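Structure data follow from final-v4.cif (mmCIF, C-alpha atoms):
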data_model
loop_
_atom_site.label_atom_id
_atom_site.label_comp_id
_atom_site.auth_asym_id
_atom_site.auth_seq_id
_atom_site.Cartn_x
_atom_site.Cartn_y
_atom_site.Cartn_z
CA MET A 1 14.86 -25.80 13.98
CA GLU A 2 11.20 -26.75 14.10
CA VAL A 3 8.44 -24.17 14.40
CA SER A 4 6.95 -24.26 17.89
CA LYS A 5 5.50 -21.95 20.54
CA GLU A 6 8.98 -21.73 22.05
CA ASN A 7 10.47 -20.99 18.62
CA PRO A 8 7.76 -19.26 16.58
CA ILE A 9 8.15 -17.67 13.16
CA ILE A 10 9.09 -14.03 13.66
CA VAL A 11 7.50 -11.14 11.81
CA ALA A 12 9.25 -7.77 12.00
CA GLY A 13 6.65 -5.01 11.92
CA ALA A 14 2.95 -4.83 12.86
CA GLY A 15 1.67 -2.92 9.84
CA PRO A 16 -1.03 -4.30 7.52
CA VAL A 17 1.47 -6.59 5.75
CA GLY A 18 2.89 -8.10 8.93
CA CYS A 19 -0.56 -8.49 10.46
CA THR A 20 -1.87 -10.24 7.36
CA PHE A 21 0.94 -12.79 7.41
CA ALA A 22 0.76 -13.35 11.19
CA LEU A 23 -3.01 -13.68 11.26
CA TYR A 24 -3.05 -16.19 8.40
CA LEU A 25 -0.48 -18.41 10.14
CA ALA A 26 -1.97 -18.15 13.63
CA GLN A 27 -5.42 -19.02 12.31
CA GLN A 28 -3.86 -22.18 10.86
CA GLY A 29 -2.33 -23.10 14.22
CA ILE A 30 1.23 -22.10 13.34
CA PRO A 31 3.04 -20.15 16.09
CA VAL A 32 4.06 -16.64 15.10
CA ARG A 33 5.49 -13.65 16.97
CA ILE A 34 5.29 -10.03 15.77
CA LEU A 35 8.06 -7.68 16.91
CA GLU A 36 6.90 -4.06 16.65
CA SER A 37 9.13 -1.05 17.34
CA GLU A 38 6.30 1.23 18.53
CA PRO A 39 4.81 1.04 22.04
CA GLN A 40 1.40 0.21 20.53
CA MET A 41 -0.16 -0.41 17.13
CA PRO A 42 0.98 2.56 14.99
CA LEU A 43 -1.81 5.08 14.37
CA THR A 44 -0.27 6.50 11.20
CA LEU A 45 -2.70 7.41 8.41
CA ARG A 46 -0.48 6.45 5.48
CA ALA A 47 -2.24 4.13 3.00
CA SER A 48 -6.02 4.30 2.80
CA THR A 49 -7.05 2.50 -0.40
CA TRP A 50 -8.23 -1.12 -0.25
CA HIS A 51 -8.62 -2.71 -3.68
CA PRO A 52 -11.21 -5.44 -4.45
CA PRO A 53 -8.90 -8.50 -4.33
CA THR A 54 -7.33 -7.25 -1.10
CA LEU A 55 -10.79 -7.03 0.43
CA ASP A 56 -11.41 -10.61 -0.73
CA MET A 57 -8.28 -11.65 1.18
CA MET A 58 -9.46 -9.72 4.24
CA ASP A 59 -12.75 -11.64 4.06
CA ASN A 60 -10.82 -14.91 4.22
CA LEU A 61 -9.10 -13.69 7.39
CA GLY A 62 -12.34 -12.47 8.98
CA ILE A 63 -11.35 -8.81 8.71
CA GLY A 64 -13.28 -7.85 5.58
CA GLN A 65 -16.70 -7.12 7.06
CA PRO A 66 -15.56 -4.86 9.96
CA LEU A 67 -13.08 -3.10 7.68
CA VAL A 68 -15.71 -2.33 5.04
CA ALA A 69 -18.15 -1.21 7.75
CA THR A 70 -15.54 1.22 9.08
CA GLY A 71 -14.60 2.72 5.72
CA LEU A 72 -16.16 4.39 2.71
CA LYS A 73 -17.24 2.23 -0.24
CA VAL A 74 -16.05 3.74 -3.51
CA PRO A 75 -17.63 2.14 -6.60
CA ARG A 76 -16.42 4.85 -8.98
CA TYR A 77 -13.25 6.87 -9.52
CA GLN A 78 -12.28 9.57 -11.97
CA TYR A 79 -9.51 11.00 -14.10
CA ARG A 80 -10.23 14.67 -14.75
CA ASP A 81 -8.66 17.46 -16.78
CA ARG A 82 -8.42 20.66 -14.70
CA ARG A 83 -8.47 22.90 -17.78
CA SER A 84 -11.69 21.54 -19.25
CA ASP A 85 -14.84 19.66 -18.29
CA LEU A 86 -13.39 16.35 -19.50
CA CYS A 87 -13.89 13.57 -16.98
CA ALA A 88 -13.37 9.83 -17.41
CA GLU A 89 -15.31 7.93 -14.76
CA PHE A 90 -14.67 4.26 -14.13
CA ASP A 91 -17.25 2.00 -12.50
CA LEU A 92 -15.89 -0.88 -10.41
CA GLY A 93 -19.36 -2.39 -10.53
CA THR A 94 -18.20 -3.90 -13.83
CA LEU A 95 -16.12 -6.32 -11.71
CA ALA A 96 -19.17 -8.01 -10.19
CA GLY A 97 -18.62 -11.74 -10.61
CA ASP A 98 -14.83 -11.38 -10.61
CA THR A 99 -14.65 -10.34 -6.95
CA ASN A 100 -16.88 -10.23 -3.89
CA HIS A 101 -16.08 -6.53 -3.62
CA PRO A 102 -16.79 -4.63 -6.86
CA TYR A 103 -15.61 -1.39 -5.24
CA ARG A 104 -12.66 0.15 -3.41
CA VAL A 105 -12.83 0.99 0.27
CA GLN A 106 -11.20 4.14 1.60
CA VAL A 107 -10.13 3.69 5.21
CA GLU A 108 -6.85 4.35 7.02
CA GLN A 109 -4.55 1.34 7.35
CA TYR A 110 -4.43 1.58 11.14
CA ARG A 111 -8.11 0.64 11.27
CA MET A 112 -7.16 -2.75 9.85
CA THR A 113 -4.23 -3.31 12.19
CA LYS A 114 -6.38 -2.50 15.23
CA ILE A 115 -8.93 -5.10 14.11
CA ALA A 116 -6.12 -7.58 13.46
CA GLN A 117 -4.61 -6.93 16.90
CA VAL A 118 -7.85 -7.82 18.65
CA MET A 119 -8.09 -11.03 16.63
CA LEU A 120 -4.44 -11.97 17.16
CA GLU A 121 -4.73 -11.50 20.92
CA THR A 122 -7.43 -14.18 21.01
CA LEU A 123 -5.32 -16.76 19.17
CA PRO A 124 -3.09 -19.06 21.27
CA ASP A 125 -0.46 -19.26 18.50
CA ALA A 126 0.04 -15.50 18.13
CA ASP A 127 2.16 -13.12 20.17
CA ILE A 128 2.84 -9.39 19.71
CA GLN A 129 5.76 -7.70 21.46
CA PHE A 130 5.82 -3.90 21.35
CA ASN A 131 8.75 -1.54 22.03
CA THR A 132 10.97 -4.05 20.25
CA VAL A 133 13.17 -2.68 17.46
CA VAL A 134 14.62 -5.34 15.18
CA GLU A 135 18.20 -4.23 14.50
CA THR A 136 19.98 -7.09 12.75
CA VAL A 137 19.54 -10.70 11.71
CA TRP A 138 22.00 -13.44 10.83
CA GLN A 139 21.32 -17.04 9.94
CA SER A 140 22.64 -20.56 9.75
CA ASP A 141 21.26 -23.49 7.78
CA ASP A 142 18.90 -24.25 10.68
CA TRP A 143 17.85 -20.96 12.27
CA VAL A 144 17.79 -17.17 12.17
CA MET A 145 19.06 -15.04 15.06
CA VAL A 146 17.27 -11.73 15.58
CA LYS A 147 18.90 -8.99 17.64
CA THR A 148 16.51 -6.38 19.02
CA ARG A 149 16.60 -3.23 21.12
CA THR A 150 14.02 -2.83 23.89
CA PRO A 151 13.58 -0.45 26.88
CA GLU A 152 15.08 -3.24 29.02
CA GLY A 153 18.12 -3.56 26.76
CA THR A 154 19.23 -5.88 23.97
CA LYS A 155 17.24 -9.05 23.42
CA GLU A 156 17.93 -11.87 21.00
CA PHE A 157 15.45 -14.30 19.50
CA ARG A 158 16.23 -17.49 17.62
CA ALA A 159 13.60 -18.39 15.06
CA PRO A 160 13.11 -20.95 12.29
CA TYR A 161 12.07 -18.23 9.82
CA VAL A 162 11.92 -14.43 9.83
CA ILE A 163 9.71 -12.22 7.65
CA GLY A 164 10.75 -8.60 7.24
CA THR A 165 7.71 -6.34 6.92
CA ASP A 166 9.60 -3.50 8.61
CA GLY A 167 9.20 -0.81 5.95
CA ALA A 168 11.29 0.77 3.24
CA SER A 169 14.30 1.23 5.55
CA SER A 170 14.04 -2.43 6.60
CA ASN A 171 16.78 -3.52 8.99
CA ILE A 172 15.96 -7.10 8.02
CA ARG A 173 16.77 -6.35 4.37
CA VAL A 174 19.85 -4.25 5.12
CA SER A 175 21.41 -6.71 7.57
CA SER A 176 20.71 -9.56 5.14
CA GLY A 177 22.75 -7.76 2.48
CA ILE A 178 19.88 -7.52 0.00
CA ALA A 179 20.15 -4.58 -2.40
CA TYR A 180 17.20 -2.22 -2.88
CA GLN A 181 17.38 -1.24 -6.52
CA GLY A 182 15.64 1.73 -8.11
CA PHE A 183 15.49 5.50 -7.80
CA THR A 184 13.97 8.42 -5.91
CA PHE A 185 11.93 11.13 -7.65
CA PRO A 186 13.31 14.66 -7.16
CA GLU A 187 10.02 16.09 -5.91
CA ARG A 188 8.32 15.23 -2.64
CA PHE A 189 4.60 14.67 -2.21
CA LEU A 190 2.62 16.80 0.22
CA ILE A 191 -0.62 15.52 1.72
CA ALA A 192 -3.07 17.66 3.65
CA SER A 193 -6.39 16.53 5.14
CA THR A 194 -9.36 18.82 5.55
CA PRO A 195 -12.99 18.41 6.65
CA TYR A 196 -14.04 20.85 3.91
CA ALA A 197 -16.62 19.04 1.72
CA LEU A 198 -14.93 19.15 -1.67
CA ASP A 199 -17.73 17.10 -3.23
CA GLU A 200 -20.19 19.89 -2.43
CA HIS A 201 -18.12 22.40 -4.38
CA ILE A 202 -16.74 20.38 -7.32
CA PRO A 203 -19.58 19.09 -9.51
CA ASN A 204 -19.93 15.30 -9.74
CA LEU A 205 -16.73 14.69 -7.78
CA ALA A 206 -15.99 11.01 -7.12
CA PRO A 207 -14.47 9.98 -3.77
CA VAL A 208 -11.24 9.16 -5.62
CA SER A 209 -10.35 11.71 -8.31
CA TYR A 210 -7.12 12.39 -10.19
CA PHE A 211 -6.80 15.90 -11.64
CA ALA A 212 -4.35 16.18 -14.54
CA ASP A 213 -2.78 19.59 -15.14
CA PRO A 214 0.50 20.74 -16.74
CA GLU A 215 1.10 23.24 -13.93
CA GLN A 216 -0.48 21.79 -10.79
CA TRP A 217 -1.91 18.28 -10.79
CA PHE A 218 -3.42 16.82 -7.64
CA LEU A 219 -5.27 13.85 -6.18
CA ALA A 220 -8.41 14.14 -4.05
CA LEU A 221 -9.32 11.21 -1.78
CA HIS A 222 -12.31 11.02 0.52
CA CYS A 223 -11.52 9.18 3.74
CA ARG A 224 -14.42 9.93 6.07
CA PRO A 225 -14.73 12.45 7.58
CA LEU A 226 -11.79 14.13 5.85
CA TRP A 227 -10.71 14.77 2.29
CA ARG A 228 -7.04 14.17 1.53
CA ILE A 229 -5.32 16.35 -1.05
CA LEU A 230 -2.01 15.17 -2.52
CA VAL A 231 0.18 17.52 -4.54
CA PRO A 232 3.78 17.42 -5.81
CA THR A 233 6.19 20.04 -4.49
CA ASP A 234 9.22 21.92 -5.77
CA PRO A 235 12.36 19.86 -5.02
CA ALA A 236 14.22 23.06 -4.08
CA ALA A 237 11.58 24.26 -1.62
CA ASP A 238 12.26 24.41 2.12
CA PRO A 239 10.41 21.50 3.85
CA GLU A 240 9.50 23.74 6.78
CA GLU A 241 7.84 26.21 4.43
CA LEU A 242 5.96 23.43 2.59
CA MET A 243 4.49 22.24 5.88
CA SER A 244 3.51 25.72 7.04
CA ASP A 245 -0.10 26.88 7.45
CA ASP A 246 0.41 29.66 4.92
CA TYR A 247 1.76 27.39 2.20
CA LEU A 248 -0.99 24.83 2.70
CA GLU A 249 -3.63 27.55 2.65
CA LYS A 250 -2.22 29.03 -0.55
CA THR A 251 -2.03 25.59 -2.20
CA LEU A 252 -5.54 24.46 -1.28
CA GLN A 253 -7.05 27.81 -2.29
CA SER A 254 -5.36 27.48 -5.69
CA LEU A 255 -6.98 24.08 -6.19
CA VAL A 256 -10.45 24.69 -4.74
CA PRO A 257 -11.05 28.37 -3.88
CA LYS A 258 -13.28 29.01 -0.89
CA LYS A 259 -14.23 31.80 1.50
CA GLY A 260 -12.24 31.74 4.71
CA ARG A 261 -9.24 29.64 5.59
CA TYR A 262 -9.01 25.88 5.28
CA GLU A 263 -9.07 23.75 8.41
CA ILE A 264 -6.19 21.30 8.19
CA GLY A 265 -6.58 17.93 9.91
CA HIS A 266 -3.07 16.63 9.33
CA ARG A 267 -0.16 17.17 6.97
CA THR A 268 2.63 14.95 5.67
CA LEU A 269 5.62 15.59 3.39
CA TYR A 270 7.56 12.61 2.13
CA PRO A 271 10.05 11.56 -0.57
CA VAL A 272 8.79 9.35 -3.39
CA HIS A 273 10.67 6.20 -4.33
CA GLN A 274 10.46 3.45 -6.95
CA ARG A 275 12.53 0.51 -5.67
CA VAL A 276 12.46 -3.28 -5.65
CA ALA A 277 14.66 -5.60 -3.57
CA GLU A 278 16.98 -7.83 -5.58
CA THR A 279 15.36 -10.86 -3.93
CA TYR A 280 12.43 -11.45 -1.56
CA HIS A 281 13.92 -14.69 -0.20
CA LYS A 282 17.38 -15.37 1.19
CA GLY A 283 17.71 -18.61 3.11
CA ARG A 284 15.35 -18.45 6.07
CA VAL A 285 14.71 -14.73 5.69
CA PHE A 286 11.85 -13.27 3.63
CA LEU A 287 10.77 -9.77 2.66
CA ALA A 288 7.28 -8.43 1.99
CA GLY A 289 5.61 -5.05 1.61
CA ASP A 290 7.70 -1.87 1.63
CA ALA A 291 10.72 -3.85 2.77
CA ALA A 292 10.58 -5.59 -0.61
CA HIS A 293 9.24 -2.87 -2.90
CA ILE A 294 8.12 0.73 -2.77
CA ASN A 295 6.47 2.96 -5.35
CA ASN A 296 4.73 6.30 -5.62
CA PRO A 297 1.23 6.17 -4.09
CA LEU A 298 -0.76 7.07 -7.22
CA GLY A 299 -3.10 4.15 -7.74
CA GLY A 300 -2.96 2.85 -4.18
CA MET A 301 -0.83 -0.17 -5.07
CA GLY A 302 1.86 -0.11 -2.39
CA MET A 303 0.03 -1.43 0.67
CA ASN A 304 -2.23 -3.63 -1.46
CA GLY A 305 0.75 -5.18 -3.21
CA GLY A 306 2.40 -5.76 0.17
CA ILE A 307 -0.67 -7.53 1.52
CA HIS A 308 -0.70 -9.68 -1.62
CA ASP A 309 2.95 -10.56 -0.86
CA ALA A 310 2.05 -11.58 2.69
CA TYR A 311 -0.93 -13.66 1.65
CA ASN A 312 1.06 -15.44 -1.06
CA LEU A 313 3.93 -16.22 1.31
CA ALA A 314 1.61 -17.30 4.13
CA GLU A 315 -0.15 -19.80 1.86
CA LYS A 316 3.20 -21.29 0.84
CA MET A 317 4.59 -21.31 4.39
CA VAL A 318 1.56 -23.20 5.72
CA ALA A 319 1.72 -25.72 2.87
CA PHE A 320 5.47 -26.22 3.42
CA LEU A 321 5.17 -26.74 7.17
CA ARG A 322 2.44 -29.32 6.54
CA GLY A 323 4.67 -31.18 4.12
CA GLU A 324 2.49 -30.42 1.11
CA VAL A 325 5.18 -28.57 -0.88
CA SER A 326 8.97 -28.41 -0.89
CA GLU A 327 11.20 -25.42 -0.15
CA ASP A 328 11.01 -24.65 -3.87
CA ALA A 329 7.74 -22.91 -3.01
CA PHE A 330 9.77 -20.09 -1.44
CA ASP A 331 11.67 -19.49 -4.66
CA LEU A 332 8.31 -19.43 -6.41
CA TYR A 333 7.16 -16.74 -3.96
CA ASP A 334 10.10 -14.61 -5.05
CA ARG A 335 9.43 -15.20 -8.74
CA GLN A 336 5.73 -14.48 -8.50
CA ARG A 337 5.75 -11.43 -6.28
CA ARG A 338 8.99 -9.80 -7.43
CA THR A 339 8.03 -10.20 -11.07
CA ILE A 340 4.69 -8.49 -10.45
CA ALA A 341 6.30 -5.64 -8.50
CA THR A 342 8.78 -5.03 -11.29
CA LYS A 343 6.53 -5.63 -14.27
CA PHE A 344 3.21 -4.23 -13.08
CA VAL A 345 3.19 -2.13 -9.90
CA GLN A 346 6.27 -0.07 -10.74
CA ARG A 347 5.18 0.42 -14.34
CA GLN A 348 1.57 1.32 -13.52
CA SER A 349 2.39 3.74 -10.70
CA ILE A 350 4.95 5.53 -12.86
CA ARG A 351 2.42 5.69 -15.72
CA ASN A 352 -0.17 7.25 -13.39
CA LYS A 353 2.30 9.94 -12.35
CA GLU A 354 3.38 10.70 -15.92
CA MET A 355 -0.22 11.04 -17.05
CA LEU A 356 -1.08 13.55 -14.32
CA GLU A 357 2.00 15.71 -14.79
CA ASN A 358 1.98 15.78 -18.61
CA LYS A 359 3.32 19.26 -19.49
CA ASP A 360 1.58 19.43 -22.89
CA PRO A 361 -2.02 20.68 -22.38
CA GLU A 362 -3.25 19.23 -25.67
CA SER A 363 -1.61 15.88 -25.06
CA SER A 364 -3.04 15.81 -21.52
CA ARG A 365 -6.52 16.53 -22.85
CA LYS A 366 -6.18 13.71 -25.39
CA GLN A 367 -5.19 11.29 -22.64
CA ILE A 368 -8.39 12.01 -20.73
CA GLN A 369 -10.40 11.77 -23.95
CA ALA A 370 -8.86 8.37 -24.63
CA MET A 371 -9.92 7.24 -21.16
CA ILE A 372 -13.46 8.46 -21.80
CA GLU A 373 -13.51 6.29 -24.91
CA ILE A 374 -12.45 3.30 -22.80
CA THR A 375 -15.42 3.84 -20.47
CA GLN A 376 -17.75 3.72 -23.48
CA ASP A 377 -16.58 0.21 -24.46
CA PRO A 378 -17.82 -2.41 -21.91
CA VAL A 379 -14.98 -4.85 -22.61
CA ARG A 380 -12.19 -2.27 -22.41
CA HIS A 381 -13.86 -0.61 -19.41
CA LYS A 382 -13.88 -3.86 -17.44
CA ASP A 383 -10.31 -4.71 -18.39
CA PHE A 384 -9.14 -1.23 -17.32
CA CYS A 385 -10.85 -1.70 -13.96
CA ARG A 386 -9.34 -5.18 -13.55
CA GLU A 387 -5.89 -3.80 -14.32
CA ASN A 388 -6.09 -0.86 -11.94
CA SER A 389 -7.72 -2.81 -9.13
CA MET A 390 -4.86 -5.36 -9.30
CA LEU A 391 -7.02 -8.34 -10.29
CA ASN A 392 -5.06 -8.86 -13.49
CA CYS A 393 -1.66 -8.80 -11.81
CA LEU A 394 -2.77 -11.32 -9.17
CA GLN A 395 -3.97 -13.65 -11.88
CA GLU A 396 -0.73 -13.14 -13.77
CA ALA A 397 1.32 -13.90 -10.64
CA SER A 398 -0.60 -17.13 -10.04
CA GLU A 399 0.33 -18.31 -13.55
CA ILE A 400 4.10 -17.94 -12.93
CA GLU A 401 5.70 -21.30 -12.24
#

When written as structure tokens, how does the structure in this file appear?
Amino acid sequence: MEVSKENPIIVAGAGPVGCTFALYLAQQGIPVRILESEPQMPLTLRASTWHPPTLDMMDNLGIGQPLVATGLKVPRYQYRDRRSDLCAEFDLGTLAGDTNHPYRVQVEQYRMTKIAQVMLETLPDADIQFNTVVETVWQSDDWVMVKTRTPEGTKEFRAPYVIGTDGASSNIRVSSGIAYQGFTFPERFLIASTPYALDEHIPNLAPVSYFADPEQWFLALHCRPLWRILVPTDPAADPEELMSDDYLEKTLQSLVPKKGRYEIGHRTLYPVHQRVAETYHKGRVFLAGDAAHINNPLGGMGMNGGIHDAYNLAEKMVAFLRGEVSEDAFDLYDRQRRTIATKFVQRQSIRNKEMLENKDPESSRKQIQAMIEITQDPVRHKDFCRENSMLNCLQEASEIE
């Protein structure tokens, strides 16, 4: 089956990953249709960190400038020890010359998808259908059949290729019989947002700060106008209690004491997984983003890695449809992106968690001290920033053949 406006490539899910893939193809004149289960672009907060190479990709799609203008530029981030004054501060300005964006941007992912929606709606080769839940797929040598559920009933679409960007519980992955290997951490992460100006009450606080502590570690993220606080929770605790006003008040007061109660903007409690699909490519079906891999959010690598998947696959899909490469390019997509998810993203996100929750106070202090020493060496400082901003892993992926 040839790709055409009558038979476009189908993308399941209109999150940042799906929008990246669809926008890339539609801008190249390749018909694409997004099937989104929600009645409109999801307004979930979820991921909010945009790393330098991801912003470079957004520039190439025409999204970079409005996204940066909407968000908060973060040129520095910190690892801090709650029991002492030790603070290792990393400066992304060291990446100038390696990227057009020597900083992170903190902005909710839905800001990007809203920008992408406006752009997609102006492109003749793009189509978004809401209220359309992708339930199953099956394929032949020539096509993929997609069964969906809509308010009007069941609808089926036949497509030349299908890309599953439909999240960690991906129906595309499940119905394709692709295993999702890994594990789930026992504790859940709790996130609460507050307008309270933490940076006015914690000296020299960076907009992204990791606080290591043997008893209660936490992450503070500034996403204008709110601060997000992420903490681990007791696996045995009642979820309803964890989400209660009293528990959140008690937790936030223990981290940053203040007069009066905290105003809570939103709250989220979720399980934490480390999983990678056994393959990202099966016949005419592809996986990207959370459908392909999921990890704990420390380091902001989940959404960014998913966007890197989409961009990599989109480049190869365009080249293939133009006759510039063979189908072997799709196996290369799997090798490049799955290798990086397994070797880098999973390893780095687990390392970030282990560092923060180190139960030995002296060992924890030494870890921060070691990071301070890295910041004092220009070469090691830059390499650390390249590693944590995902520049190194993108370069490494490009070298896989």

Inset, instruction - With a distance cut-off of 7 Å and only C-alpha atoms, select the neighbouring residues of A:Phe130, excluding the residue or stretch itself and same-chain residues fewer than 2 positions from it, and output the selection as JSON, numbers by chain. - result: {"A": [35, 36, 37, 38, 39, 40, 128, 132]}

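Nearest to A:Val256 of all the residues A:Ala288, A:Ala220, A:Ala88, A:Met119 is A:Ala220, counting only C-alpha atoms.
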
Inset, instruction - Name the residues captured by the PyMOL selection byres ((chain A and resi 101-112) around 8) when it is applied to the shown file; answer as a PyMOL selection string. - result: chain A and resi 15-16+41-53+55-56+63+67-68+70-76+92-96+98-100+113-116+222-224

Inset, instruction - For A:Thr194, list every protein, DNA or RNA residue within 12 Å, evaluated using only C-alpha atoms, and leave out those in the same chain fewer than 6 positions away; present the list as an MDAnalysis selection string. - result: chainID A and resid 220:230 248:249 252 256 261:267

Inset, instruction - Excluding stretch 360-377 of chain A and any residue of its chain fewer than 5 positions from it, enumerate the residues within 8 Å of it, using only C-alpha atoms, and give them as a list of chain:residue names. - result: A:Tyr79, A:Arg80, A:Asp81, A:Leu86, A:Cys87, A:Ala88, A:Glu89, A:Phe90, A:Ala212, A:Asp213, A:Pro214, A:Met355, A:Phe384

Legend entry - Atom pair atom CA of A:Trp138 / atom CA of A:Met1: separation (Å): 14.6 Å

Inset, instruction - Find the residue from A:Ala292, A:Val318, A:Leu298, A:Ala310 that sits nearest to A:Asp166; use all atoms listed in the file when measuring. - result: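 With all atoms listed in the file as the atom set, the closest residue is A:Ala292.
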
Output stretch 135-153 of chain A with N, CA and C atoms present, as a PDB file, keeping the file's coordinate frame.
ATOM      1  N   GLU A 135      17.011  -4.928  15.001  1.00  0.00           N
ATOM      2  CA  GLU A 135      18.200  -4.230  14.500  1.00  0.00           C
ATOM      3  C   GLU A 135      18.954  -5.017  13.442  1.00  0.00           C
ATOM      4  N   THR A 136      19.235  -6.273  13.709  1.00  0.00           N
ATOM      5  CA  THR A 136      19.980  -7.090  12.750  1.00  0.00           C
ATOM      6  C   THR A 136      19.490  -8.531  12.809  1.00  0.00           C
ATOM      7  N   VAL A 137      19.774  -9.255  11.731  1.00  0.00           N
ATOM      8  CA  VAL A 137      19.540 -10.700  11.710  1.00  0.00           C
ATOM      9  C   VAL A 137      20.752 -11.375  11.090  1.00  0.00           C
ATOM     10  N   TRP A 138      21.018 -12.600  11.506  1.00  0.00           N
ATOM     11  CA  TRP A 138      22.000 -13.440  10.830  1.00  0.00           C
ATOM     12  C   TRP A 138      21.482 -14.877  10.936  1.00  0.00           C
ATOM     13  N   GLN A 139      21.925 -15.716  10.015  1.00  0.00           N
ATOM     14  CA  GLN A 139      21.320 -17.040   9.940  1.00  0.00           C
ATOM     15  C   GLN A 139      22.328 -18.141   9.687  1.00  0.00           C
ATOM     16  N   SER A 140      21.905 -19.344  10.078  1.00  0.00           N
ATOM     17  CA  SER A 140      22.640 -20.560   9.750  1.00  0.00           C
ATOM     18  C   SER A 140      21.739 -21.384   8.840  1.00  0.00           C
ATOM     19  N   ASP A 141      22.110 -22.621   8.590  1.00  0.00           N
ATOM     20  CA  ASP A 141      21.260 -23.490   7.780  1.00  0.00           C
ATOM     21  C   ASP A 141      19.980 -23.864   8.533  1.00  0.00           C
ATOM     22  N   ASP A 142      20.000 -23.724   9.870  1.00  0.00           N
ATOM     23  CA  ASP A 142      18.900 -24.250  10.680  1.00  0.00           C
ATOM     24  C   ASP A 142      18.069 -23.189  11.405  1.00  0.00           C
ATOM     25  N   TRP A 143      18.566 -21.960  11.497  1.00  0.00           N
ATOM     26  CA  TRP A 143      17.850 -20.960  12.270  1.00  0.00           C
ATOM     27  C   TRP A 143      18.251 -19.554  11.843  1.00  0.00           C
ATOM     28  N   VAL A 144      17.473 -18.580  12.353  1.00  0.00           N
ATOM     29  CA  VAL A 144      17.790 -17.170  12.170  1.00  0.00           C
ATOM     30  C   VAL A 144      17.876 -16.530  13.545  1.00  0.00           C
ATOM     31  N   MET A 145      18.925 -15.766  13.799  1.00  0.00           N
ATOM     32  CA  MET A 145      19.060 -15.040  15.060  1.00  0.00           C
ATOM     33  C   MET A 145      18.645 -13.592  14.824  1.00  0.00           C
ATOM     34  N   VAL A 146      17.789 -13.088  15.696  1.00  0.00           N
ATOM     35  CA  VAL A 146      17.270 -11.730  15.580  1.00  0.00           C
ATOM     36  C   VAL A 146      17.718 -10.923  16.794  1.00  0.00           C
ATOM     37  N   LYS A 147      18.462  -9.869  16.551  1.00  0.00           N
ATOM     38  CA  LYS A 147      18.900  -8.990  17.640  1.00  0.00           C
ATOM     39  C   LYS A 147      17.974  -7.783  17.683  1.00  0.00           C
ATOM     40  N   THR A 148      17.452  -7.484  18.866  1.00  0.00           N
ATOM     41  CA  THR A 148      16.510  -6.380  19.020  1.00  0.00           C
ATOM     42  C   THR A 148      16.946  -5.428  20.126  1.00  0.00           C
ATOM     43  N   ARG A 149      16.388  -4.238  20.070  1.00  0.00           N
ATOM     44  CA  ARG A 149      16.600  -3.230  21.120  1.00  0.00           C
ATOM     45  C   ARG A 149      15.265  -2.954  21.786  1.00  0.00           C
ATOM     46  N   THR A 150      15.236  -3.056  23.111  1.00  0.00           N
ATOM     47  CA  THR A 150      14.020  -2.830  23.890  1.00  0.00           C
ATOM     48  C   THR A 150      14.333  -1.863  25.026  1.00  0.00           C
ATOM     49  N   PRO A 151      13.316  -1.321  25.726  1.00  0.00           N
ATOM     50  CA  PRO A 151      13.580  -0.450  26.880  1.00  0.00           C
ATOM     51  C   PRO A 151      14.381  -1.147  27.967  1.00  0.00           C
ATOM     52  N   GLU A 152      14.328  -2.488  28.009  1.00  0.00           N
ATOM     53  CA  GLU A 152      15.080  -3.240  29.020  1.00  0.00           C
ATOM     54  C   GLU A 152      16.492  -3.583  28.554  1.00  0.00           C
ATOM     55  N   GLY A 153      16.802  -3.243  27.303  1.00  0.00           N
ATOM     56  CA  GLY A 153      18.120  -3.560  26.760  1.00  0.00           C
ATOM     57  C   GLY A 153      18.037  -4.457  25.540  1.00  0.00           C
TER      58      GLY A 153
END
